[in-house]
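Colleague: Let me give you the structure first, and then I'll get to my questions.
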Amino acid sequence: MARKVIKTAHGPFEVKPQEKSVWICQCGLSKNQPFCDGSHQKTLDEKEGQVYEYDEKGHRREVKNNQ
């Protein structure tokens with residue numbers, strides 16, 4: 001599965017040691033970057049081999065796959 005993610009940051013973000021686990025977003029949809037806010041729940045029904053694009057409100061659309 002592929003997801004189109006547009007990032008605006010130009011460098012890494014340091015997560016210093018915490019008392020509790022810290023969850024870093026890997027789906028690219030969190031509004032609390034770099035931390036997970038649960039937005040990945042929207043991706044659980046994505047089809048394998050399909051590319052998706054999400055708008056700023058979290059609405060998903062399929063992107064034509066040119067493979």
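Following the order of the structure tokens, chains are lettered A, B, ..., residues in each are numbered from 1, and ligands are numbered from 1.
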Which residues are close to Tyr54 in chain A, i.e. within 10 Å by only C-alpha atoms, leaving aside same-chain residues fewer than 3 positions away? Reply as a list in words.

Modeller: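 Listed by chain and then number, they are Arg3, Lys4, Val5, Ile6, Gly28, Leu29, Lys42, Thr43, Lys57, Gly58, His59, Arg60, Arg61, Glu62 and Val63 of chain A.
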
Colleague: Write a file of the selected residues as a compact mmCIF listing (two decimals), in the first residue's frame, keeping C-alpha atoms.

Modeller:
# COMPACT_ATOMS: atom_id res chain seq x y z
CA ARG A 3 0.11 6.86 0.63
CA LYS A 4 1.04 10.26 -0.76
CA VAL A 5 2.41 12.32 2.12
CA ILE A 6 3.55 15.92 1.74
CA GLY A 28 1.80 11.20 7.85
CA LEU A 29 -1.77 12.17 8.80
CA LYS A 42 -8.45 6.14 8.63
CA THR A 43 -5.86 4.01 6.79
CA LYS A 57 -9.50 17.61 6.53
CA GLY A 58 -8.52 13.95 6.35
CA HIS A 59 -10.75 13.04 3.41
CA ARG A 60 -9.28 10.28 1.28
CA ARG A 61 -9.26 9.77 -2.47
CA GLU A 62 -7.65 7.10 -4.61
CA VAL A 63 -4.83 8.28 -6.87

Colleague: Hey, which of A:Ser21, A:Pro34, A:Lys16, A:Ala2 ends up closest to Gly49 in chain A? Count only C-alpha atoms.

Modeller: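 Of the candidates, the smallest distance to Gly49 in chain A is held by A:Ala2.
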
Colleague: Pick from A:Phe13, A:Asp55, A:Leu44, A:Gln18: nearest to Lys31 in chain A, with only C-alpha atoms counted?

Modeller: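 Of all the options, A:Asp55 lies closest to Lys31 in chain A.
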
Colleague: Mind listing the helix (DSSP H, G or I) residues of chain A, per DSSP on the backbone, as a CSV table (one decimal) with N, CA and C atoms, in the first residue's frame?

Modeller:
chain,number,residue,atom,x,y,z
A,39,SER,N,-4.9,9.3,13.9
A,39,SER,CA,-5.4,9.5,12.5
A,39,SER,C,-5.1,8.3,11.6
A,40,HIS,N,-4.2,7.4,12.0
A,40,HIS,CA,-3.9,6.2,11.2
A,40,HIS,C,-5.1,5.3,11.1
A,41,GLN,N,-6.1,5.5,12.0
A,41,GLN,CA,-7.3,4.6,12.0
A,41,GLN,C,-8.0,4.8,10.6
A,42,LYS,N,-7.8,5.9,9.9
A,42,LYS,CA,-8.4,6.1,8.6
A,42,LYS,C,-7.8,5.3,7.6
A,43,THR,N,-6.6,4.8,7.8
A,43,THR,CA,-5.9,4.0,6.8
A,43,THR,C,-6.1,2.5,6.9

Colleague: What's the separation between CA of Glu14 in chain A and CA of Tyr52 in chain A, in Å to one decimal place?

Modeller: 28.5 Å

Colleague: Could you please determine the separation between CA of Lys47 in chain A and CA of Phe35 in chain A in Å, to one decimal place?

Modeller: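 Calculated distance between CA of Lys47 in chain A and CA of Phe35 in chain A is 24.7 Å.
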
Colleague: Taking only C-alpha atoms into account, which of A:Glu56, A:Glu46, A:Gln33, A:Gly38 comes nearest Val15 in chain A?

Modeller: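 The shortest atom-to-atom distance to Val15 in chain A comes from A:Gln33.
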
Colleague: I'd like the interatomic distance between CA of Asp37 in chain A and CA of Pro17 in chain A, to a tenth of an Å.

Modeller: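 So the two atoms, CA of Asp37 in chain A and CA of Pro17 in chain A, lie 19.4 Å apart.
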
Colleague: Please identify which residues in chain A DSSP calls strand (DSSP E or B) from the backbone, and express them as an mmCIF file with C-alpha atoms, in the first residue's frame.

Modeller:
data_model
loop_
_atom_site.group_PDB
_atom_site.id
_atom_site.type_symbol
_atom_site.label_atom_id
_atom_site.label_comp_id
_atom_site.auth_asym_id
_atom_site.auth_seq_id
_atom_site.Cartn_x
_atom_site.Cartn_y
_atom_site.Cartn_z
ATOM 1 C CA ALA A 2 1.205 3.514 -0.717
ATOM 2 C CA ARG A 3 0.112 6.861 0.626
ATOM 3 C CA LYS A 4 1.037 10.259 -0.764
ATOM 4 C CA ILE A 24 5.684 8.815 16.540
ATOM 5 C CA PHE A 35 3.381 12.454 17.467
ATOM 6 C CA VAL A 51 -2.142 4.890 -3.715
ATOM 7 C CA TYR A 52 -4.173 7.301 -1.612
ATOM 8 C CA GLU A 53 -4.144 11.040 -1.092
ATOM 9 C CA TYR A 54 -5.644 12.741 1.969
ATOM 10 C CA ARG A 60 -9.275 10.276 1.282
ATOM 11 C CA ARG A 61 -9.264 9.767 -2.474
ATOM 12 C CA GLU A 62 -7.650 7.104 -4.614
ATOM 13 C CA VAL A 63 -4.833 8.284 -6.871
#
